[in-house]
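Undergrad: So here's data.tsv, just TSV, C-alpha atoms:
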chain	number	residue	atom	x	y	z
A	1	MET	CA	55.80	93.94	105.06
A	2	ILE	CA	52.23	94.84	105.93
A	3	GLY	CA	51.45	93.99	109.58
A	4	HIS	CA	48.23	95.94	110.15
A	5	LEU	CA	45.51	97.27	107.88
A	6	ARG	CA	42.76	99.76	108.69
A	7	GLY	CA	40.20	100.97	106.18
A	8	THR	CA	36.72	100.55	104.71
A	9	ILE	CA	35.31	97.14	103.80
A	10	LEU	CA	34.44	97.10	100.08
A	11	GLU	CA	33.62	93.39	99.77
A	12	LYS	CA	33.25	90.60	102.32
A	13	THR	CA	32.82	86.84	101.85
A	14	PRO	CA	33.50	83.99	104.30
A	15	ASN	CA	37.07	83.50	103.07
A	16	ARG	CA	38.16	86.95	101.85
A	17	VAL	CA	37.65	90.65	102.39
A	18	VAL	CA	38.66	93.68	100.34
A	19	VAL	CA	39.67	96.65	102.49
A	20	GLU	CA	40.21	100.10	100.97
A	21	ALA	CA	42.96	102.11	102.61
A	22	GLY	CA	44.50	105.24	101.08
A	23	GLY	CA	42.66	104.69	97.80
A	24	VAL	CA	43.99	101.14	97.40
A	25	GLY	CA	41.82	98.02	97.76
A	26	TYR	CA	43.71	95.24	99.56
A	27	GLU	CA	42.43	91.68	99.11
A	28	VAL	CA	42.87	89.78	102.36
A	29	LEU	CA	42.24	86.08	102.99
A	30	ILE	CA	40.53	85.43	106.33
A	31	PRO	CA	39.30	82.56	108.55
A	32	ILE	CA	35.61	82.09	109.42
A	33	SER	CA	36.07	83.56	112.91
A	34	THR	CA	37.37	86.82	111.44
A	35	PHE	CA	34.52	86.94	108.91
A	36	THR	CA	31.93	86.79	111.71
A	37	ALA	CA	33.76	89.45	113.74
A	38	LEU	CA	33.95	91.97	110.89
A	39	PRO	CA	31.23	94.59	110.36
A	40	ASN	CA	29.22	94.87	107.16
A	41	GLU	CA	30.44	96.24	103.82
A	42	GLY	CA	30.91	100.00	103.89
A	43	SER	CA	32.04	99.98	107.54
A	44	ALA	CA	35.48	100.72	108.92
A	45	ALA	CA	37.57	97.76	110.06
A	46	ALA	CA	41.06	96.92	111.25
A	47	LEU	CA	42.91	93.65	110.69
A	48	ARG	CA	46.18	92.20	111.87
A	49	ILE	CA	48.00	91.07	108.72
A	50	PHE	CA	50.40	88.26	107.91
A	51	THR	CA	52.16	88.96	104.59
A	52	HIS	CA	53.13	85.84	102.67
A	53	VAL	CA	55.70	86.42	99.93
A	54	ARG	CA	56.66	83.90	97.27
A	55	GLU	CA	58.61	84.34	94.05
A	56	ASP	CA	55.39	84.38	92.03
A	57	ALA	CA	52.87	85.87	94.45
A	58	LEU	CA	52.21	88.09	97.45
A	59	ALA	CA	49.21	87.26	99.63
A	60	LEU	CA	47.74	88.96	102.69
A	61	PHE	CA	46.12	86.95	105.49
A	62	GLY	CA	44.00	88.89	107.97
A	63	PHE	CA	42.88	88.23	111.54
A	64	ALA	CA	40.49	89.94	113.94
A	65	THR	CA	42.54	89.16	117.06
A	66	PRO	CA	46.23	88.82	117.93
A	67	GLU	CA	45.52	85.26	119.16
A	68	GLU	CA	44.22	84.16	115.75
A	69	LYS	CA	47.31	85.53	114.04
A	70	ASN	CA	49.58	83.94	116.64
A	71	VAL	CA	48.00	80.49	116.21
A	72	PHE	CA	48.12	80.86	112.41
A	73	GLU	CA	51.84	81.65	112.51
A	74	ARG	CA	52.46	78.60	114.72
A	75	LEU	CA	50.44	76.40	112.34
A	76	ILE	CA	52.38	77.42	109.23
A	77	SER	CA	55.65	76.70	111.05
A	78	VAL	CA	54.64	73.01	110.96
A	79	SER	CA	56.25	71.12	108.09
A	80	GLY	CA	53.76	70.52	105.29
A	81	ILE	CA	51.33	73.26	106.33
A	82	GLY	CA	51.17	76.31	104.09
A	83	PRO	CA	49.14	79.49	104.66
A	84	LYS	CA	46.01	78.23	102.88
A	85	LEU	CA	45.86	75.01	104.91
A	86	GLY	CA	46.64	77.01	108.05
A	87	LEU	CA	43.61	79.18	107.30
A	88	GLN	CA	41.47	76.06	106.76
A	89	VAL	CA	42.56	74.67	110.13
A	90	LEU	CA	41.66	77.97	111.83
A	91	SER	CA	38.28	77.93	110.08
A	92	GLY	CA	37.60	74.32	111.05
A	93	LEU	CA	37.53	74.96	114.81
A	94	PRO	CA	37.10	78.08	116.98
A	95	THR	CA	40.53	79.28	118.12
A	96	LEU	CA	39.95	78.35	121.78
A	97	GLU	CA	38.92	74.79	120.83
A	98	LEU	CA	41.79	74.43	118.37
A	99	VAL	CA	44.37	75.45	120.98
A	100	ALA	CA	42.76	73.10	123.54
A	101	ALA	CA	42.80	70.18	121.05
A	102	ILE	CA	46.48	70.72	120.24
A	103	ARG	CA	47.45	71.02	123.91
A	104	ALA	CA	45.51	67.83	124.71
A	105	GLY	CA	47.03	65.94	121.77
A	106	ASP	CA	43.50	65.31	120.44
A	107	VAL	CA	44.42	64.03	116.96
A	108	ALA	CA	40.88	62.69	116.39
A	109	ARG	CA	39.43	66.19	116.81
A	110	LEU	CA	41.94	67.71	114.40
A	111	VAL	CA	41.33	65.03	111.75
A	112	ARG	CA	37.66	66.11	111.58
A	113	ILE	CA	38.78	69.43	110.08
A	114	PRO	CA	38.42	69.24	106.26
A	115	GLY	CA	41.83	68.95	104.59
A	116	VAL	CA	43.61	67.61	107.70
A	117	GLY	CA	44.68	63.96	107.53
A	118	LYS	CA	45.96	61.85	110.39
A	119	LYS	CA	49.65	62.44	109.60
A	120	THR	CA	49.13	66.21	109.38
A	121	ALA	CA	47.18	66.21	112.66
A	122	GLU	CA	49.93	64.20	114.35
A	123	ARG	CA	52.58	66.64	113.08
A	124	ILE	CA	50.56	69.60	114.39
A	125	VAL	CA	50.38	68.02	117.85
A	126	LEU	CA	54.01	66.89	117.85
A	127	GLU	CA	55.44	70.24	116.75
A	128	LEU	CA	53.03	72.63	118.52
A	129	LYS	CA	51.90	70.97	121.75
A	130	ASP	CA	54.54	72.75	123.80
A	131	LYS	CA	54.90	75.89	121.66
A	132	ILE	CA	51.21	76.70	121.67
A	133	ALA	CA	51.08	76.56	125.47
A	134	GLY	CA	52.18	80.20	125.45
A	135	VAL	CA	49.17	81.37	123.44
A	136	ASP	CA	46.82	83.41	125.59
A	137	ALA	CA	43.64	81.92	124.17
A	138	SER	CA	41.64	83.35	127.07
A	139	ALA	CA	42.00	86.78	125.45
A	140	GLN	CA	40.28	85.55	122.30
A	141	GLY	CA	37.83	88.17	121.15
A	142	ALA	CA	34.23	87.08	120.72
A	143	PRO	CA	32.45	87.86	117.47
A	144	VAL	CA	30.94	91.32	117.57
A	145	PRO	CA	27.15	91.01	118.02
A	146	GLY	CA	25.10	92.11	115.05
A	147	THR	CA	28.03	92.48	112.65
A	148	GLY	CA	27.77	89.13	110.88
A	149	ALA	CA	26.13	88.60	107.54
A	150	GLY	CA	22.46	89.55	107.26
A	151	LEU	CA	19.99	86.68	107.38
A	152	SER	CA	19.01	87.20	103.75
A	153	GLY	CA	22.45	86.21	102.49
A	154	MET	CA	23.62	84.09	105.41
A	155	GLU	CA	22.83	80.68	103.92
A	156	ASN	CA	24.71	81.53	100.72
A	157	ASP	CA	27.67	82.70	102.81
A	158	ILE	CA	27.60	79.42	104.77
A	159	LEU	CA	27.38	77.45	101.52
A	160	SER	CA	30.40	79.35	100.18
A	161	ALA	CA	32.36	78.81	103.41
A	162	LEU	CA	31.68	75.06	103.39
A	163	GLN	CA	32.75	74.78	99.74
A	164	ASN	CA	35.94	76.74	100.50
A	165	LEU	CA	36.75	74.07	103.08
A	166	GLY	CA	36.43	71.36	100.42
A	167	CYS	CA	32.82	70.23	100.90
A	168	SER	CA	30.85	69.42	97.76
A	169	ARG	CA	27.94	71.73	96.98
A	170	PRO	CA	25.25	69.01	97.35
A	171	ALA	CA	26.66	67.89	100.72
A	172	ALA	CA	26.87	71.51	101.91
A	173	GLU	CA	23.30	72.25	100.80
A	174	GLU	CA	22.05	69.10	102.53
A	175	ALA	CA	23.83	70.07	105.76
A	176	ILE	CA	22.31	73.56	105.67
A	177	ARG	CA	18.84	72.07	105.09
A	178	LYS	CA	19.24	69.72	108.07
A	179	VAL	CA	20.37	72.54	110.36
A	180	LYS	CA	17.34	74.59	109.32
A	181	GLU	CA	15.02	71.66	110.04
A	182	ARG	CA	16.45	71.38	113.55
A	183	GLY	CA	16.00	75.10	114.19
A	184	ALA	CA	18.84	77.11	112.72
A	185	PRO	CA	20.82	79.55	114.88
A	186	ASP	CA	20.22	83.17	113.87
A	187	SER	CA	23.91	84.09	113.52
A	188	PHE	CA	26.54	82.93	111.07
A	189	GLU	CA	29.18	81.15	113.13
A	190	PRO	CA	26.88	78.83	115.18
A	191	PHE	CA	24.95	77.99	111.97
A	192	PHE	CA	28.22	77.35	110.10
A	193	ARG	CA	29.65	75.15	112.88
A	194	ALA	CA	26.42	73.10	113.01
A	195	ALA	CA	26.45	72.58	109.23
A	196	LEU	CA	30.19	71.77	109.21
A	197	ALA	CA	29.63	69.06	111.86
A	198	LEU	CA	27.09	67.39	109.57
A	199	VAL	CA	29.39	67.19	106.52
A	200	ARG	CA	32.49	65.89	108.32
Just give me the structure as structure tokens.
TA:
Amino acid sequence: MIGHLRGTILEKTPNRVVVEAGGVGYEVLIPISTFTALPNEGSAAALRIFTHVREDALALFGFATPEEKNVFERLISVSGIGPKLGLQVLSGLPTLELVAAIRAGDVARLVRIPGVGKKTAERIVLELKDKIAGVDASAQGAPVPGTGAGLSGMENDILSALQNLGCSRPAAEEAIRKVKERGAPDSFEPFFRAALALVR
């Protein structure tokens, strides 16, 4: 099992990154928070890896911090939540806010995450409220300043991220336009969160 990966970033999009290590390019699925924390293509990076093995596939899920990986592993322990939905949940809220919502039993907040229905949100709270209390969310790493996507491609990255969460392209484009009209943040994650709030 791969638990950690260090190498050079060959490709980076809001939901995946390709890291070259030892002459091999590893495709790794990532949440939005990890995307914003990673440096640009061509730079060195290290990821904590969760290896998901099925009979017909092997997938790598990568995280910038131990807390992200920990919360992801708790999420996929919930009945009915697989790795892809777990990644969507992590992308729908910053890790600190997600942990706080689960601890508080805030089902309404969880339901606003694309792909999470009321029953799923209730299961997350029921099964994780006590377990997630041990997660040291205060150690959550902040995104590294200046290492997000460049402004020239940022809107396309946000569009891609919104579509990966199940938003239609027209709705995502409209949300991005509205955020820009209100004075768009100059970094990816605040811009993405503002747009996501408008399409929920």
Undergrad: Could the residues of range 57-92 of chain A that have an atom at most 12 Å from range 155-179 of chain A be listed as CSV, each with its closest atom pair and the distance in Å to one decimal, counting all atoms listed in the file and ordered by chain and ascending residue number?
TA:
residue,atom,partner,partner_atom,distance
A:Lys84,CA,A:Leu165,CA,10.2
A:Leu85,CA,A:Leu165,CA,9.3
A:Gly86,CA,A:Leu165,CA,11.5
A:Leu87,CA,A:Leu165,CA,9.5
A:Gln88,CA,A:Leu165,CA,6.3
A:Val89,CA,A:Leu165,CA,9.2
A:Leu90,CA,A:Leu165,CA,10.8
A:Ser91,CA,A:Leu165,CA,8.1
A:Gly92,CA,A:Leu165,CA,8.0
Undergrad: Quick one: residues within 10 Å of range 39-52 of chain A, all atoms listed in the file counted, chain neighbours fewer than 6 positions away excluded, as a ChimeraX atom specification?
TA: /A:1-13,17-21,28-30,58-66,68-70,72-73,82-83,143-150
Undergrad: Mind checking which residues fall within 6 Å of Lys129 in chain A, counting all atoms listed in the file, ignoring those fewer than 2 positions away in the same chain, and posting them as a list in words?
TA: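 These residues fall inside the cut-off: Ile102, Arg103, Val125, Lys131 and Ile132 of chain A.
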Undergrad: Which distance in Å separates CA of Leu198 in chain A and CA of Pro94 in chain A, to one decimal?
TA: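 Calculated distance between CA of Leu198 in chain A and CA of Pro94 in chain A is 16.4 Å.
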Undergrad: Give me, please, the distance in Å between CA of Gly117 in chain A and CA of Phe192 in chain A, quoted to one decimal.
TA: 21.4 Å
Undergrad: Could you work out how far CA of Glu27 in chain A lies from CA of Asp56 in chain A, giving the answer in Å with one decimal?
TA: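 These atoms are spaced 16.5 Å apart.
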